[in-house]
Amino acid sequence: MTPEDIDRVVGDLAVQGRKTSTRREYVQIFKGFHRFLQARKAAEIEAAFGVRLVCPVDEFNASRHVGGDSPALLPPPTPERVAEFFDFMKQRIATARKYGPAARDYAMFRTLYHAGLRSEEASLLEKPDAHFTRGPFGKLHVRFGKGAHTSGPRPRWVPMLDGLDLVLRWFLEDVRPKFPSSPVLFADESGGPLHRGTIRNRLRYLMQLEGRPTDERFSPHALRRACATHSYERGVDLVAIQHMLGHWTVSSTMRYVRPSAAFIEDAYQRAVASTLAELTGKDTTA
């Protein structure tokens, strides 16, 4: 099997309109199979056929699974853009025809952003997963975190930062009782969990209502990338961000981080200000 074979198979899947997740799964299967051959059978194959095994999934066809909103291509929304969107949602709660769904959407998308959750992780949250007395801010127990390397669900604890604990307290006390009784945290109007496709469609609908240009709209996953980027820009340790997002490696987290154009200058100014404060004993940032 050669890189051209991988190109042909994955290219055909793209032409057929198969989802990026499906194409990614095919590529991962090819890579896993060749890792097995190289670990277990490479010597036998070379002795029998004179062929040295080389994985056909190279840097070019491996990137075919990357979607159009890949963190390598599009930057996440800025903190200002996210704040404007949440302000729009907050104002909409007072005028929406249905208070419950409007308030639920506000709390849910705030959770996606502040906790850095995937859509499917948020859809599987239940009311007992909100632990307000755990840690200084309270924590969400993400019991069905996405696993890596077919490891299965990887649970993790995510702190409720930036006032998310207040948002979720309000949601559980004032909003959630307006939906049918069930364990689901962010329930639909029948009490069942929202599908991740529904979450994506809700966000698209809300941004259409907001009336912003197409290039200022973003996906639920972009909120997760924004969480990583904005936390990093604020000085949060990269390993802490890795654990919050539930990534297997720091390198995965770095793919999510897209600092702003002025990030280097801002970091330099903070470093200089901190050094001067240590030398002079004065706070130069005031």
# chains A, B, ... in the order shown; residues from 1 in each chain; ligands from 1
>>> residues_around(residues="Pro76 of chain A", least_positions_apart="6", cutoff="10 Å", atoms="only C-alpha atoms", output="ChimeraX atom specification")
/A:69-70,82,216-219,221-230,256-260
>>> write_last_selection(atoms="N, CA and C atoms", output="compact mmCIF listing (two decimals), in the first residue's frame")
# COMPACT_ATOMS: atom_id res chain seq x y z
N ASP A 69 -13.34 24.07 9.33
CA ASP A 69 -13.15 24.99 10.44
C ASP A 69 -12.02 24.50 11.33
N SER A 70 -11.03 23.85 10.72
CA SER A 70 -9.89 23.36 11.47
C SER A 70 -9.19 24.50 12.19
N VAL A 82 -17.12 36.81 21.60
CA VAL A 82 -17.86 35.89 22.46
C VAL A 82 -18.73 36.66 23.45
N GLU A 216 -18.26 36.22 10.88
CA GLU A 216 -18.18 36.40 12.33
C GLU A 216 -18.95 35.31 13.08
N ARG A 217 -19.45 34.33 12.35
CA ARG A 217 -20.15 33.23 12.98
C ARG A 217 -19.17 32.10 13.30
N PHE A 218 -19.56 31.23 14.21
CA PHE A 218 -18.64 30.18 14.64
C PHE A 218 -19.44 28.95 15.04
N SER A 219 -18.75 27.84 15.19
CA SER A 219 -19.36 26.56 15.53
C SER A 219 -19.23 26.30 17.02
N HIS A 221 -17.67 23.87 18.32
CA HIS A 221 -16.29 23.47 18.57
C HIS A 221 -15.36 24.68 18.60
N ALA A 222 -15.73 25.75 17.89
CA ALA A 222 -14.93 26.97 17.94
C ALA A 222 -14.96 27.58 19.34
N LEU A 223 -16.06 27.40 20.07
CA LEU A 223 -16.11 27.87 21.45
C LEU A 223 -15.12 27.10 22.32
N ARG A 224 -14.94 25.83 22.04
CA ARG A 224 -13.96 25.02 22.77
C ARG A 224 -12.55 25.51 22.46
N ARG A 225 -12.28 25.82 21.18
CA ARG A 225 -10.97 26.35 20.82
C ARG A 225 -10.76 27.73 21.44
N ALA A 226 -11.84 28.51 21.49
CA ALA A 226 -11.74 29.83 22.11
C ALA A 226 -11.40 29.71 23.59
N CYS A 227 -11.98 28.73 24.25
CA CYS A 227 -11.68 28.49 25.66
C CYS A 227 -10.19 28.23 25.84
N ALA A 228 -9.62 27.38 24.99
CA ALA A 228 -8.19 27.06 25.08
C ALA A 228 -7.34 28.29 24.81
N THR A 229 -7.67 29.00 23.74
CA THR A 229 -6.86 30.16 23.34
C THR A 229 -6.93 31.28 24.36
N HIS A 230 -8.14 31.62 24.81
CA HIS A 230 -8.28 32.74 25.74
C HIS A 230 -7.67 32.41 27.10
N TYR A 256 -5.23 23.69 19.34
CA TYR A 256 -6.41 24.50 19.61
C TYR A 256 -6.06 25.95 19.90
N VAL A 257 -4.80 26.18 20.26
CA VAL A 257 -4.40 27.51 20.72
C VAL A 257 -3.99 28.36 19.53
N ARG A 258 -4.72 29.44 19.30
CA ARG A 258 -4.40 30.39 18.23
C ARG A 258 -4.38 31.80 18.82
N PRO A 259 -3.25 32.19 19.41
CA PRO A 259 -3.19 33.51 20.05
C PRO A 259 -3.45 34.63 19.05
N SER A 260 -3.87 35.78 19.57
CA SER A 260 -4.15 36.93 18.73
C SER A 260 -2.87 37.48 18.13
>>> residues_around(residues="segment 244-249 of chain A", least_positions_apart="4", cutoff="8 Å", atoms="only C-alpha atoms", output="ChimeraX atom specification")
/A:115-117,145-146,148,154,156-159,228,240,253
>>> select_by_dssp(residues="segment 150-267 of chain A", states="alpha helix (DSSP H)", output="PyMOL selection string")
chain A and resi 164-170+196-210+220-233+238-245+250-256+263-267
>>> write_last_selection(atoms="C-alpha atoms", output="PDB file, in the first residue's frame")
ATOM      1  CA  LEU A 164     -20.008  29.538  35.310  1.00  0.00           C
ATOM      2  CA  ASP A 165     -21.009  28.285  38.764  1.00  0.00           C
ATOM      3  CA  LEU A 166     -23.401  31.251  39.125  1.00  0.00           C
ATOM      4  CA  VAL A 167     -24.860  30.635  35.674  1.00  0.00           C
ATOM      5  CA  LEU A 168     -25.485  26.955  36.400  1.00  0.00           C
ATOM      6  CA  ARG A 169     -26.957  27.644  39.850  1.00  0.00           C
ATOM      7  CA  TRP A 170     -29.422  30.051  38.246  1.00  0.00           C
ATOM      8  CA  ARG A 196     -24.964  17.341  19.289  1.00  0.00           C
ATOM      9  CA  GLY A 197     -26.401  18.096  15.838  1.00  0.00           C
ATOM     10  CA  THR A 198     -29.263  19.935  17.536  1.00  0.00           C
ATOM     11  CA  ILE A 199     -26.757  21.957  19.559  1.00  0.00           C
ATOM     12  CA  ARG A 200     -24.942  22.920  16.373  1.00  0.00           C
ATOM     13  CA  ASN A 201     -28.205  23.868  14.673  1.00  0.00           C
ATOM     14  CA  ARG A 202     -29.315  25.924  17.683  1.00  0.00           C
ATOM     15  CA  LEU A 203     -26.097  27.910  17.595  1.00  0.00           C
ATOM     16  CA  ARG A 204     -26.450  28.510  13.851  1.00  0.00           C
ATOM     17  CA  TYR A 205     -30.050  29.683  14.354  1.00  0.00           C
ATOM     18  CA  LEU A 206     -29.082  32.042  17.170  1.00  0.00           C
ATOM     19  CA  MET A 207     -26.300  33.648  15.142  1.00  0.00           C
ATOM     20  CA  GLN A 208     -28.709  34.131  12.261  1.00  0.00           C
ATOM     21  CA  LEU A 209     -31.030  35.941  14.672  1.00  0.00           C
ATOM     22  CA  GLU A 210     -28.112  38.013  15.879  1.00  0.00           C
ATOM     23  CA  PRO A 220     -19.770  24.939  18.964  1.00  0.00           C
ATOM     24  CA  HIS A 221     -16.288  23.469  18.566  1.00  0.00           C
ATOM     25  CA  ALA A 222     -14.926  26.969  17.942  1.00  0.00           C
ATOM     26  CA  LEU A 223     -16.113  27.866  21.454  1.00  0.00           C
ATOM     27  CA  ARG A 224     -13.962  25.018  22.767  1.00  0.00           C
ATOM     28  CA  ARG A 225     -10.970  26.350  20.818  1.00  0.00           C
ATOM     29  CA  ALA A 226     -11.743  29.833  22.108  1.00  0.00           C
ATOM     30  CA  CYS A 227     -11.681  28.491  25.664  1.00  0.00           C
ATOM     31  CA  ALA A 228      -8.192  27.057  25.083  1.00  0.00           C
ATOM     32  CA  THR A 229      -6.862  30.161  23.338  1.00  0.00           C
ATOM     33  CA  HIS A 230      -8.285  32.737  25.737  1.00  0.00           C
ATOM     34  CA  SER A 231      -7.126  30.753  28.780  1.00  0.00           C
ATOM     35  CA  TYR A 232      -3.627  30.522  27.326  1.00  0.00           C
ATOM     36  CA  GLU A 233      -3.557  34.258  26.554  1.00  0.00           C
ATOM     37  CA  LEU A 238      -0.800  24.766  29.114  1.00  0.00           C
ATOM     38  CA  VAL A 239      -0.922  21.482  31.041  1.00  0.00           C
ATOM     39  CA  ALA A 240      -3.885  22.806  33.051  1.00  0.00           C
ATOM     40  CA  ILE A 241      -5.675  23.628  29.786  1.00  0.00           C
ATOM     41  CA  GLN A 242      -4.849  20.137  28.507  1.00  0.00           C
ATOM     42  CA  HIS A 243      -6.500  18.525  31.516  1.00  0.00           C
ATOM     43  CA  MET A 244      -9.496  20.841  31.359  1.00  0.00           C
ATOM     44  CA  LEU A 245     -10.130  19.976  27.699  1.00  0.00           C
ATOM     45  CA  VAL A 250      -0.204  18.729  25.141  1.00  0.00           C
ATOM     46  CA  SER A 251       0.438  18.678  21.392  1.00  0.00           C
ATOM     47  CA  SER A 252      -3.308  18.193  20.836  1.00  0.00           C
ATOM     48  CA  THR A 253      -3.999  21.201  23.034  1.00  0.00           C
ATOM     49  CA  MET A 254      -1.519  23.326  21.089  1.00  0.00           C
ATOM     50  CA  ARG A 255      -3.526  22.706  17.910  1.00  0.00           C
ATOM     51  CA  TYR A 256      -6.412  24.496  19.612  1.00  0.00           C
ATOM     52  CA  PHE A 263      -0.136  38.144  21.781  1.00  0.00           C
ATOM     53  CA  ILE A 264       3.675  38.414  21.661  1.00  0.00           C
ATOM     54  CA  GLU A 265       3.623  42.151  22.390  1.00  0.00           C
ATOM     55  CA  ASP A 266       1.149  41.716  25.231  1.00  0.00           C
ATOM     56  CA  ALA A 267       3.209  38.902  26.764  1.00  0.00           C
TER      57      ALA A 267
END
>>> closest_residue(among="A:Pro180, A:Ala39, A:Leu140, A:Asp215", to="Pro77 of chain A", atoms="only C-alpha atoms")
A:Asp215
